[in-house]
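Student: I'm passing along coords-v1.txt; it holds compact mmCIF, C-alpha atoms and all ligand atoms.
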# COMPACT_ATOMS: atom_id res chain seq x y z
CA MET N 13 0.00 0.00 0.00
CA TRP N 14 2.91 2.35 0.65
CA LEU N 15 4.65 3.90 -2.31
CA GLY N 16 7.90 3.92 -0.38
CA PHE N 17 10.57 5.42 -2.57
CA CYS N 18 8.58 5.24 -5.77
CA LEU N 19 8.42 8.82 -6.96
CA CYS N 20 6.19 8.02 -9.90
CA VAL N 21 3.44 10.57 -10.50
CA ALA N 22 0.76 10.23 -7.84
CA ALA N 23 -2.40 8.51 -8.97
CA ALA N 24 -5.20 11.01 -8.88
CA ILE N 25 -8.18 10.16 -6.71
CA ALA N 26 -10.56 8.04 -8.83
CA PRO N 27 -13.90 9.54 -9.98
CA ALA N 28 -15.70 6.74 -8.11
CA GLU N 29 -14.21 7.98 -4.84
CA PHE N 30 -15.50 11.51 -5.40
CA ALA N 31 -18.94 10.00 -6.14
CA ALA N 32 -18.73 7.95 -2.93
CA ARG N 33 -17.91 11.12 -0.94
CA ARG N 34 -21.01 12.78 -2.37
CA ALA N 35 -23.08 9.73 -1.49
CA SER N 36 -21.81 9.88 2.11
CA LEU N 37 -22.77 13.53 2.35
CA GLU N 38 -26.20 12.94 0.83
CA LYS N 39 -26.89 10.12 3.28
CA GLN N 40 -26.70 12.51 6.24
CA LEU N 41 -28.27 15.49 4.48
CA ASP N 42 -31.89 16.37 5.19
CA ALA N 43 -31.60 19.66 3.37
CA THR N 44 -30.30 21.53 0.34
CA LEU N 45 -26.59 22.26 0.18
CA VAL N 46 -24.77 24.48 -2.30
CA LEU N 47 -21.07 24.96 -2.88
CA PHE N 48 -19.37 27.38 -5.23
CA GLY N 49 -16.02 26.62 -6.79
CA LYS N 50 -13.40 29.32 -7.16
CA THR N 51 -13.72 31.65 -10.11
CA GLU N 52 -10.88 32.32 -12.48
CA ALA N 53 -10.06 35.77 -11.12
CA GLY N 54 -6.30 35.87 -10.81
CA GLU N 55 -5.87 32.53 -12.53
CA GLU N 56 -3.57 33.88 -15.23
CA LEU N 57 -1.03 35.20 -12.74
CA ASP N 58 -1.25 32.81 -9.82
CA GLY N 59 -2.55 29.62 -11.39
CA PHE N 60 -5.95 28.21 -10.52
CA HIS N 61 -6.46 26.37 -7.23
CA GLN N 62 -9.88 24.98 -6.40
CA GLU N 63 -11.63 25.64 -3.09
CA PRO N 64 -10.78 22.51 -1.02
CA ASN N 65 -14.30 21.57 0.13
CA PHE N 66 -15.58 21.95 -3.40
CA TYR N 67 -12.69 19.88 -4.73
CA TYR N 68 -13.15 17.20 -2.06
CA LEU N 69 -16.74 16.57 -3.13
CA THR N 70 -16.48 17.13 -6.87
CA GLY N 71 -12.92 16.45 -7.98
CA TRP N 72 -13.55 19.38 -10.32
CA SER N 73 -10.66 21.77 -10.79
CA GLU N 74 -11.97 24.18 -13.41
CA PRO N 75 -13.12 27.67 -12.42
CA GLY N 76 -16.60 29.07 -11.97
CA ALA N 77 -18.56 25.89 -11.20
CA ALA N 78 -21.23 25.26 -8.56
CA VAL N 79 -22.75 22.12 -7.07
CA LEU N 80 -26.22 21.62 -5.65
CA PHE N 81 -27.09 18.74 -3.33
CA THR N 82 -30.77 17.90 -2.90
CA HIS N 83 -32.67 14.85 -1.70
CA THR N 84 -32.55 13.57 -5.28
CA GLY N 85 -28.78 13.76 -5.67
CA ALA N 86 -26.04 16.14 -6.75
CA THR N 87 -25.95 18.41 -9.81
CA LEU N 88 -22.84 20.09 -11.16
CA PHE N 89 -23.29 23.49 -12.83
CA LEU N 90 -20.69 24.63 -15.33
CA PRO N 91 -20.25 28.07 -16.89
CA ALA N 92 -20.94 28.45 -20.59
CA HIS N 93 -18.04 28.60 -23.02
CA ASN N 94 -16.47 32.02 -23.29
CA GLU N 95 -14.32 32.04 -26.40
CA ALA N 96 -12.55 35.27 -25.48
CA ARG N 97 -11.59 34.03 -22.00
CA GLU N 98 -10.58 30.65 -23.30
CA ARG N 99 -8.01 32.29 -25.57
CA TYR N 100 -6.25 33.22 -22.30
CA THR N 101 -6.83 30.33 -19.93
CA GLY N 102 -7.56 27.42 -22.24
CA ARG N 103 -10.64 25.43 -23.12
CA HIS N 104 -12.89 24.66 -20.14
CA ALA N 105 -15.71 22.13 -20.03
CA SER N 106 -19.29 23.28 -20.24
CA ALA N 107 -22.59 21.50 -19.69
CA GLU N 108 -23.42 21.15 -23.37
CA ASP N 109 -20.14 19.40 -24.26
CA ALA N 110 -20.39 15.84 -25.54
CA GLY N 111 -19.18 13.38 -22.89
CA VAL N 112 -19.42 15.91 -20.07
CA ARG N 113 -20.96 13.34 -17.71
CA GLU N 114 -18.02 10.97 -18.14
CA ARG N 115 -15.56 13.82 -17.83
CA THR N 116 -17.05 15.23 -14.64
CA GLY N 117 -18.22 11.98 -13.03
CA PHE N 118 -21.64 13.61 -12.43
CA ASP N 119 -24.88 12.11 -13.77
CA ASN N 120 -26.42 15.57 -13.71
CA VAL N 121 -24.56 18.45 -15.33
CA LEU N 122 -26.36 21.69 -16.14
CA PRO N 123 -25.38 25.13 -17.41
CA LEU N 124 -24.67 27.62 -14.62
CA GLY N 125 -27.53 29.73 -15.98
CA ARG N 126 -29.95 27.12 -14.63
CA PHE N 127 -28.56 27.31 -11.08
CA GLU N 128 -31.08 29.84 -9.73
CA SER N 129 -34.16 28.01 -10.97
CA GLU N 130 -32.86 24.63 -9.79
CA LEU N 131 -32.10 26.05 -6.35
CA ALA N 132 -35.57 27.57 -6.14
CA LYS N 133 -37.06 24.20 -7.08
CA ALA N 134 -35.01 22.42 -4.40
CA LEU N 135 -36.04 24.91 -1.75
CA GLU N 136 -39.72 24.19 -2.40
CA THR N 137 -39.31 20.85 -0.67
CA SER N 138 -36.42 21.58 1.68
CA GLU N 139 -36.52 23.53 4.90
CA LYS N 140 -32.80 24.05 5.46
CA LEU N 141 -30.13 25.50 3.20
CA TYR N 142 -26.43 24.87 3.79
CA ALA N 143 -23.52 26.74 2.22
CA LEU N 144 -19.99 27.76 3.12
CA PRO N 145 -19.78 31.17 4.76
CA ASP N 146 -18.17 32.95 1.85
CA ASP N 147 -18.56 36.68 1.34
CA THR N 148 -18.83 36.69 -2.44
CA HIS N 149 -21.63 34.17 -2.67
CA THR N 150 -23.50 34.55 0.61
CA ALA N 151 -25.07 37.81 -0.50
CA ALA N 152 -26.20 36.25 -3.77
CA LEU N 153 -27.62 33.24 -1.95
CA LYS N 154 -29.54 35.46 0.47
CA SER N 155 -31.23 37.21 -2.43
CA LEU N 156 -32.05 33.87 -4.04
CA ALA N 157 -33.43 32.43 -0.80
CA PRO N 158 -34.47 35.49 1.23
CA LEU N 159 -36.61 33.56 3.71
CA ARG N 160 -33.98 31.01 4.62
CA THR N 161 -31.21 31.13 7.15
CA VAL N 162 -28.09 29.92 5.40
CA GLN N 163 -26.40 27.40 7.68
CA ASP N 164 -22.71 26.56 7.68
CA ALA N 165 -21.95 23.51 5.53
CA ALA N 166 -18.37 23.24 6.77
CA PRO N 167 -18.96 20.93 9.77
CA LEU N 168 -20.79 18.39 7.58
CA ILE N 169 -17.93 18.27 5.08
CA THR N 170 -15.25 18.36 7.77
CA ASP N 171 -16.67 15.16 9.27
CA LEU N 172 -15.95 13.45 5.95
CA ARG N 173 -12.63 15.13 5.16
CA VAL N 174 -10.98 14.37 8.49
CA LYS N 175 -10.87 10.61 7.94
CA LYS N 176 -8.51 9.89 5.09
CA SER N 177 -9.19 7.08 2.62
CA PRO N 178 -6.43 4.68 1.54
CA SER N 179 -5.98 6.60 -1.71
CA GLU N 180 -5.72 9.90 0.14
CA ILE N 181 -3.10 8.43 2.45
CA GLU N 182 -1.26 7.19 -0.61
CA ALA N 183 -1.41 10.70 -2.07
CA ILE N 184 -0.08 12.29 1.14
CA GLN N 185 2.65 9.64 1.27
CA HIS N 186 3.61 10.52 -2.29
CA SER N 187 3.84 14.27 -1.53
CA THR N 188 5.84 13.31 1.54
CA ASP N 189 8.25 11.07 -0.37
CA VAL N 190 8.91 13.81 -2.91
CA SER N 191 9.43 16.33 -0.10
CA LEU N 192 11.79 13.93 1.69
CA ALA N 193 13.82 13.64 -1.49
CA ALA N 194 13.97 17.46 -1.66
CA HIS N 195 15.21 17.60 1.94
CA ARG N 196 17.91 15.03 1.20
CA VAL N 197 19.22 17.08 -1.72
CA ALA N 198 19.30 20.21 0.44
CA TRP N 199 21.10 18.38 3.23
CA LYS N 200 23.94 17.58 0.84
CA THR N 201 23.98 21.15 -0.47
CA ILE N 202 23.87 23.11 2.77
CA ALA N 203 27.10 24.93 3.64
CA PRO N 204 28.22 28.11 5.39
CA GLY N 205 28.22 31.01 2.93
CA LEU N 206 25.15 29.86 1.01
CA TYR N 207 22.00 31.93 1.13
CA GLU N 208 18.78 30.52 2.51
CA TYR N 209 17.03 30.94 -0.85
CA GLN N 210 19.62 28.73 -2.49
CA LEU N 211 18.41 25.83 -0.39
CA ALA N 212 14.83 26.68 -1.36
CA ALA N 213 15.97 26.62 -4.99
CA VAL N 214 17.44 23.10 -4.91
CA MET N 215 14.39 21.82 -3.05
CA SER N 216 12.10 23.46 -5.57
CA GLU N 217 13.87 21.66 -8.39
CA THR N 218 13.10 18.27 -6.85
CA VAL N 219 9.48 19.10 -6.04
CA ILE N 220 8.69 20.42 -9.52
CA ASP N 221 10.77 17.76 -11.29
CA LYS N 222 8.74 15.01 -9.59
CA GLY N 223 5.53 16.40 -11.06
CA CYS N 224 4.18 18.22 -8.02
CA GLU N 225 2.19 21.36 -8.70
CA ARG N 226 3.38 23.69 -5.99
CA TRP N 227 4.68 24.21 -2.49
CA ALA N 228 2.27 23.10 0.21
CA TYR N 229 3.20 26.42 1.91
CA ALA N 230 5.87 29.08 1.49
CA PRO N 231 9.19 27.37 2.30
CA ILE N 232 10.70 28.37 5.63
CA ILE N 233 14.50 28.26 5.70
CA GLY N 234 15.62 30.09 8.80
CA SER N 235 19.29 30.23 9.71
CA GLY N 236 20.74 31.50 12.98
CA PRO N 237 18.42 34.14 14.50
CA ASN N 238 15.82 33.50 11.77
CA GLY N 239 15.37 29.96 13.11
CA ALA N 240 13.64 31.44 16.12
CA VAL N 241 11.06 33.20 13.89
CA LEU N 242 8.21 30.75 13.38
CA HIS N 243 6.96 31.64 9.92
CA TYR N 244 10.09 33.25 8.58
CA ALA N 245 9.78 32.94 4.81
CA GLU N 246 12.00 35.67 3.43
CA ASN N 247 14.89 33.22 2.99
CA ARG N 248 17.31 36.09 2.17
CA ARG N 249 20.03 35.52 4.77
CA ARG N 250 23.53 34.13 4.34
CA MET N 251 24.12 31.08 6.54
CA GLU N 252 27.17 31.11 8.77
CA SER N 253 29.24 28.31 10.24
CA GLY N 254 28.11 27.31 13.71
CA GLU N 255 24.47 28.24 13.07
CA LEU N 256 21.38 26.07 13.01
CA VAL N 257 19.08 26.07 9.99
CA VAL N 258 15.38 25.32 10.46
CA MET N 259 14.00 23.87 7.22
CA ASP N 260 10.20 23.64 7.15
CA VAL N 261 9.58 22.76 3.51
CA ALA N 262 7.20 20.47 1.62
CA GLY N 263 5.39 20.16 -1.69
CA GLU N 264 1.83 19.56 -2.74
CA CYS N 265 1.29 16.81 -5.29
CA ALA N 266 -2.04 15.83 -6.90
CA GLY N 267 -3.77 18.26 -4.54
CA TYR N 268 -2.49 16.74 -1.29
CA ALA N 269 -0.03 18.52 0.98
CA SER N 270 2.92 17.37 3.01
CA ASP N 271 4.61 19.25 5.88
CA ILE N 272 8.11 18.43 7.09
CA THR N 273 10.65 20.19 9.30
CA ARG N 274 14.19 19.33 10.28
CA THR N 275 16.83 21.50 11.93
CA LEU N 276 20.38 21.13 10.67
CA PRO N 277 23.80 22.52 11.60
CA ALA N 278 25.01 24.70 8.70
CA ASN N 279 28.53 23.25 8.92
CA GLY N 280 27.46 19.63 9.44
CA HIS N 281 28.13 19.48 13.21
CA TYR N 282 25.88 20.50 16.07
CA THR N 283 27.59 22.34 18.92
CA PRO N 284 27.14 20.66 22.33
CA ARG N 285 24.48 23.26 23.29
CA GLN N 286 22.62 22.89 19.97
CA ARG N 287 22.68 19.12 20.38
CA GLU N 288 21.34 19.42 23.91
CA ILE N 289 18.37 21.53 22.78
CA TYR N 290 17.86 19.32 19.72
CA ASN N 291 17.62 16.24 21.92
CA VAL N 292 15.02 17.88 24.14
CA VAL N 293 12.83 18.65 21.11
CA LEU N 294 13.28 15.12 19.75
CA GLY N 295 12.49 13.65 23.17
CA ALA N 296 9.32 15.74 23.34
CA GLN N 297 8.23 14.53 19.92
CA GLN N 298 8.88 10.90 20.87
CA ALA N 299 7.02 11.32 24.16
CA ALA N 300 4.00 12.76 22.35
CA ALA N 301 4.04 9.99 19.73
CA ALA N 302 4.25 7.33 22.44
CA ALA N 303 1.20 8.83 24.17
CA VAL N 304 -1.15 8.73 21.15
CA VAL N 305 -4.36 6.83 21.85
CA ALA N 306 -6.87 6.52 18.98
CA GLY N 307 -10.21 8.10 19.77
CA LYS N 308 -8.83 9.99 22.73
CA SER N 309 -5.71 12.06 22.17
CA MET N 310 -6.03 15.77 21.42
CA LEU N 311 -3.37 17.78 19.59
CA THR N 312 -4.26 20.97 21.44
CA GLY N 313 -5.36 22.10 24.86
CA HIS N 314 -4.30 20.97 28.30
CA GLY N 315 -5.06 17.98 30.47
CA PRO N 316 -4.51 14.23 30.49
CA ASP N 317 -5.60 13.62 26.87
CA SER N 318 -3.56 16.46 25.41
CA LEU N 319 -0.46 15.50 23.43
CA TYR N 320 0.52 19.16 23.55
CA GLN N 321 0.66 18.81 27.33
CA VAL N 322 2.89 15.73 27.03
CA ALA N 323 5.34 17.58 24.76
CA TYR N 324 5.24 20.72 26.91
CA ASP N 325 5.85 18.78 30.12
CA TYR N 326 8.79 16.98 28.53
CA ILE N 327 10.37 20.23 27.34
CA ASN N 328 9.73 21.93 30.64
CA THR N 329 11.47 19.18 32.62
CA HIS N 330 14.51 18.74 30.37
CA GLY N 331 17.25 21.31 30.01
CA LYS N 332 17.50 24.94 31.13
CA ASP N 333 18.02 28.35 29.54
CA LEU N 334 21.05 30.54 30.27
CA HIS N 335 19.35 31.79 33.44
CA GLY N 336 18.64 28.35 34.86
CA GLU N 337 14.97 28.56 33.88
CA PRO N 338 13.00 25.62 32.44
CA LEU N 339 12.46 25.57 28.68
CA GLY N 340 8.66 25.24 28.48
CA LYS N 341 8.24 28.96 27.82
CA TYR N 342 10.26 28.59 24.61
CA PHE N 343 7.78 26.13 23.09
CA ILE N 344 5.60 28.87 21.64
CA HIS N 345 3.32 27.18 19.11
CA GLY N 346 0.89 24.29 18.84
CA LEU N 347 2.05 20.69 18.71
CA GLY N 348 0.45 19.76 15.43
CA HIS N 349 -2.45 19.80 12.99
CA ARG N 350 -4.17 17.58 10.43
CA VAL N 351 -2.74 17.38 6.91
CA GLY N 352 -4.70 16.70 3.73
CA LEU N 353 -5.95 18.78 0.83
CA GLU N 354 -4.77 21.72 2.92
CA VAL N 355 -1.50 21.76 4.82
CA HIS N 356 -3.44 22.89 7.89
CA ASP N 357 -6.33 20.59 7.18
CA VAL N 358 -9.76 20.53 8.80
CA GLY N 359 -10.54 18.65 11.99
CA ALA N 360 -10.13 19.56 15.64
CA GLY N 361 -11.47 16.65 17.72
CA PRO N 362 -9.62 13.66 19.20
CA LEU N 363 -7.26 11.85 16.84
CA ASP N 364 -8.90 8.79 15.41
CA LYS N 365 -8.34 5.99 12.90
CA GLY N 366 -7.72 7.43 9.44
CA ASP N 367 -6.40 10.76 10.74
CA VAL N 368 -3.18 12.14 9.25
CA PHE N 369 -1.46 14.79 11.34
CA THR N 370 1.84 16.40 12.30
CA LEU N 371 3.75 16.32 15.58
CA GLU N 372 6.08 19.30 15.59
CA PRO N 373 7.44 20.47 18.93
CA GLY N 374 9.99 23.27 18.91
CA ILE N 375 12.18 25.35 21.19
CA TYR N 376 13.06 28.93 20.24
CA ILE N 377 15.57 30.87 22.33
CA PRO N 378 16.30 34.21 20.60
CA GLU N 379 18.91 35.11 23.21
CA GLU N 380 21.02 32.12 22.10
CA LYS N 381 20.05 32.43 18.41
CA ILE N 382 18.75 28.89 18.68
CA GLY N 383 15.58 27.62 17.07
CA VAL N 384 14.89 23.89 16.76
CA ARG N 385 11.77 22.32 15.30
CA ILE N 386 11.28 18.69 14.28
CA GLU N 387 8.11 17.89 12.36
CA ASP N 388 6.88 14.52 11.17
CA ILE N 389 3.62 13.40 9.57
CA LEU N 390 1.89 10.49 11.23
CA MET N 391 -1.31 8.58 10.72
CA LEU N 392 -3.47 6.27 12.74
CA ASP N 393 -4.18 3.16 10.73
CA GLU N 394 -7.30 0.98 10.79
CA ASN N 395 -6.02 -0.82 13.92
CA GLY N 396 -5.30 2.42 15.74
CA LYS N 397 -1.57 1.89 15.24
CA LEU N 398 0.63 4.94 14.69
CA VAL N 399 2.46 4.99 11.35
CA ASN N 400 5.15 7.58 10.59
CA LEU N 401 4.97 8.73 6.95
CA THR N 402 8.24 10.63 7.43
CA ALA N 403 10.13 7.75 9.06
CA ASP N 404 12.74 7.64 6.28
CA LEU N 405 14.16 11.08 7.01
CA PRO N 406 16.73 10.90 9.85
CA HIS N 407 15.64 12.14 13.26
CA THR N 408 18.53 11.92 15.73
CA ALA N 409 21.28 14.53 15.71
CA GLU N 410 23.82 11.83 14.93
CA ASP N 411 21.81 10.46 11.99
CA VAL N 412 21.28 13.96 10.61
CA GLU N 413 25.03 14.65 10.76
CA ALA N 414 25.77 11.34 9.07
CA ALA N 415 23.26 12.07 6.29
CA MET N 416 24.83 15.49 5.65
CA ARG N 417 28.28 14.06 4.99
CA PRO N 418 29.31 14.24 1.34
MN MN V 501 3.14 21.93 10.29
What would the structure in this file look like if it were written as structure tokens?
Tutor:
Amino acid sequence: MWLGFCLCVAAAIAPAEFAARRASLEKQLDATLVLFGKTEAGEELDGFHQEPNFYYLTGWSEPGAAVLFTHTGATLFLPAHNEARERYTGRHASAEDAGVRERTGFDNVLPLGRFESELAKALETSEKLYALPDDTHTAALKSLAPLRTVQDAAPLITDLRVKKSPSEIEAIQHSTDVSLAAHRVAWKTIAPGLYEYQLAAVMSETVIDKGCERWAYAPIIGSGPNGAVLHYAENRRRMESGELVVMDVAGECAGYASDITRTLPANGHYTPRQREIYNVVLGAQQAAAAAVVAGKSMLTGHGPDSLYQVAYDYINTHGKDLHGEPLGKYFIHGLGHRVGLEVHDVGAGPLDKGDVFTLEPGIYIPEEKIGVRIEDILMLDENGKLVNLTADLPHTAEDVEAAMRP
């Protein structure tokens, strides 16, 4: 089931799986639900990226579409052809195209011009209307259904999105394998005197060369003092010998994100103090991983079920700062989050079977110009067993040093 080192292009999610997701939603839906895909505004400059909830349920990645769920099933609405626009952004499908049902995987495909009348028809027999709270379309929906309260569709879709299917896990594993390969290249490249962006450049080459569409998030390569800045993404600084480099970098392939961080010594050798802090962070990550209980553990909050608490307690009872104070106050962010179509994916409840998530403790001591973060992606399999999707990238300080050697 695991792709392992195979960096072949990720298999896209099959149309039947998108149809099954819609069926799952319909089963629990006693109402009308509408979703709007992204429009093509900005597409020419930034590339088009579909709204994730819309993509999750439709698999449709062309602009300007809408989907309507009623008690009789789902209908996809596509904009009409616009020859002038298509000269710029290419040919898009429209409802009158031959073979559009096969191409979209929807039995019902209608022109977008029919959306209003179909919605009105659905609302004749449906009390509730669900949609995503989205500024652009909420106003339009209110005028189409003035007597209805539009309820938030997000929780219904989140319930489905949080549990990853085998093919989604395969997709995340693929993005992860490509990102691991990018890290390995950077580890061999890193050297005092290089600029942070030069590491981003070599990593980018691997990610794009393996067929991935884009970064899962802006790459963070923070050397020295920048390592203590959590979302540092300028990547403009020259790395010096004796400094640490926090590398929080991953790609997105076939729509699914990865998210990986390691912290390396620029010259290939941790100082004793850097190693000490590194080992505290690694110990905290291992303690949190060992404490995971399916159906129970929380990534956030405090208390006996909180993995954050486990990591915090570990950090706060191991090592000291320059003033003899415990290190807990230097762990200044959350322990982790779900990963999926979005790098910070939906889902906030206890971790359960099928969940894919990060564990990423960190210690940031600006006074010592030390920032260490270690981030892995894990999943809970069908038996509630923890599987590390990032197991192949070295974790211990010694293994990192060994992997950096030419
Ligand atoms: Mn993360």
Student: For a quick check of understanding, using only C-alpha atoms and all ligand atoms, which of N:Tyr290, N:Tyr68, N:Tyr229, N:Tyr282 has the smallest distance to ligand MN 501 (chain V)?
Tutor: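 Under the stated criterion, the closest residue is N:Tyr229.
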Student: Quick one: residues within 7 Å of N:Ala166, all atoms listed in the file counted, chain neighbours fewer than 3 positions away excluded, as a PyMOL selection string?
Tutor: chain N and resi 144+169-170
Student: Of the residues N:Leu353, N:Asp325, N:Glu114, N:Arg126, which is the one nearest to N:Ala92, using all atoms listed in the file?
Tutor: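 Of N:Leu353, N:Asp325, N:Glu114, N:Arg126, the one nearest N:Ala92 is N:Arg126, counting all atoms listed in the file.
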Student: Please determine, counting only C-alpha atoms, which residue among N:Gly254, N:Ala360, N:Gly331, N:Asn94 has the shortest atom-to-atom distance to N:Glu288.
Tutor: N:Gly331
Student: I'd like the neighbourhood of N:Ser270 as a PyMOL selection string, where a residue qualifies if any of its atoms comes within 8 Å (using all atoms listed in the file), though same-chain residues fewer than 2 positions away should be ignored.
Tutor: chain N and resi 184-185+187-188+191+228+262-264+268+272+351-352+355+389
Student: What's around N:Ala28 at 10 Å? Count all atoms listed in the file, leave out sequence neighbours fewer than 5 positions away in its own chain, and write the answer as a list in words.
Tutor: Arg33, Arg34 and Gly117 of chain N
Student: Considering only C-alpha atoms, state which residue in the set N:Pro75, N:Ala300, N:Lys222, N:Pro27 is at the smallest distance from N:Arg103.
Tutor: N:Pro75
Student: Using only C-alpha atoms and all ligand atoms, what table do you get, as JSON lines, when you list each residue of chain N with an atom no more than 12 Å from ligand MN 501 (chain V), its nearest pair of atoms, and their distance in Å rounded to one decimal, rows by chain then rising number?
Tutor:
{"residue": "N:Ala228", "atom": "CA", "partner": "V:MN501", "partner_atom": "MN", "distance": 10.2}
{"residue": "N:Tyr229", "atom": "CA", "partner": "V:MN501", "partner_atom": "MN", "distance": 9.5}
{"residue": "N:Ala230", "atom": "CA", "partner": "V:MN501", "partner_atom": "MN", "distance": 11.7}
{"residue": "N:Pro231", "atom": "CA", "partner": "V:MN501", "partner_atom": "MN", "distance": 11.4}
{"residue": "N:Ile232", "atom": "CA", "partner": "V:MN501", "partner_atom": "MN", "distance": 11.0}
{"residue": "N:Leu242", "atom": "CA", "partner": "V:MN501", "partner_atom": "MN", "distance": 10.6}
{"residue": "N:His243", "atom": "CA", "partner": "V:MN501", "partner_atom": "MN", "distance": 10.4}
{"residue": "N:Met259", "atom": "CA", "partner": "V:MN501", "partner_atom": "MN", "distance": 11.5}
{"residue": "N:Asp260", "atom": "CA", "partner": "V:MN501", "partner_atom": "MN", "distance": 7.9}
{"residue": "N:Val261", "atom": "CA", "partner": "V:MN501", "partner_atom": "MN", "distance": 9.4}
{"residue": "N:Ala262", "atom": "CA", "partner": "V:MN501", "partner_atom": "MN", "distance": 9.7}
{"residue": "N:Ala269", "atom": "CA", "partner": "V:MN501", "partner_atom": "MN", "distance": 10.4}
{"residue": "N:Ser270", "atom": "CA", "partner": "V:MN501", "partner_atom": "MN", "distance": 8.6}
{"residue": "N:Asp271", "atom": "CA", "partner": "V:MN501", "partner_atom": "MN", "distance": 5.4}
{"residue": "N:Ile272", "atom": "CA", "partner": "V:MN501", "partner_atom": "MN", "distance": 6.9}
{"residue": "N:Thr273", "atom": "CA", "partner": "V:MN501", "partner_atom": "MN", "distance": 7.8}
{"residue": "N:Arg274", "atom": "CA", "partner": "V:MN501", "partner_atom": "MN", "distance": 11.4}
{"residue": "N:His345", "atom": "CA", "partner": "V:MN501", "partner_atom": "MN", "distance": 10.3}
{"residue": "N:Gly346", "atom": "CA", "partner": "V:MN501", "partner_atom": "MN", "distance": 9.2}
{"residue": "N:Leu347", "atom": "CA", "partner": "V:MN501", "partner_atom": "MN", "distance": 8.6}
{"residue": "N:Gly348", "atom": "CA", "partner": "V:MN501", "partner_atom": "MN", "distance": 6.2}
{"residue": "N:His349", "atom": "CA", "partner": "V:MN501", "partner_atom": "MN", "distance": 6.6}
{"residue": "N:Arg350", "atom": "CA", "partner": "V:MN501", "partner_atom": "MN", "distance": 8.5}
{"residue": "N:Val351", "atom": "CA", "partner": "V:MN501", "partner_atom": "MN", "distance": 8.2}
{"residue": "N:Gly352", "atom": "CA", "partner": "V:MN501", "partner_atom": "MN", "distance": 11.5}
{"residue": "N:Glu354", "atom": "CA", "partner": "V:MN501", "partner_atom": "MN", "distance": 10.8}
{"residue": "N:Val355", "atom": "CA", "partner": "V:MN501", "partner_atom": "MN", "distance": 7.2}
{"residue": "N:His356", "atom": "CA", "partner": "V:MN501", "partner_atom": "MN", "distance": 7.1}
{"residue": "N:Asp357", "atom": "CA", "partner": "V:MN501", "partner_atom": "MN", "distance": 10.1}
{"residue": "N:Val368", "atom": "CA", "partner": "V:MN501", "partner_atom": "MN", "distance": 11.7}
{"residue": "N:Phe369", "atom": "CA", "partner": "V:MN501", "partner_atom": "MN", "distance": 8.6}
{"residue": "N:Thr370", "atom": "CA", "partner": "V:MN501", "partner_atom": "MN", "distance": 6.0}
{"residue": "N:Leu371", "atom": "CA", "partner": "V:MN501", "partner_atom": "MN", "distance": 7.7}
{"residue": "N:Glu372", "atom": "CA", "partner": "V:MN501", "partner_atom": "MN", "distance": 6.6}
{"residue": "N:Pro373", "atom": "CA", "partner": "V:MN501", "partner_atom": "MN", "distance": 9.8}
{"residue": "N:Gly374", "atom": "CA", "partner": "V:MN501", "partner_atom": "MN", "distance": 11.1}
{"residue": "N:Arg385", "atom": "CA", "partner": "V:MN501", "partner_atom": "MN", "distance": 10.0}
{"residue": "N:Ile386", "atom": "CA", "partner": "V:MN501", "partner_atom": "MN", "distance": 9.6}
{"residue": "N:Glu387", "atom": "CA", "partner": "V:MN501", "partner_atom": "MN", "distance": 6.7}
{"residue": "N:Asp388", "atom": "CA", "partner": "V:MN501", "partner_atom": "MN", "distance": 8.3}
{"residue": "N:Ile389", "atom": "CA", "partner": "V:MN501", "partner_atom": "MN", "distance": 8.6}
{"residue": "N:Leu390", "atom": "CA", "partner": "V:MN501", "partner_atom": "MN", "distance": 11.5}
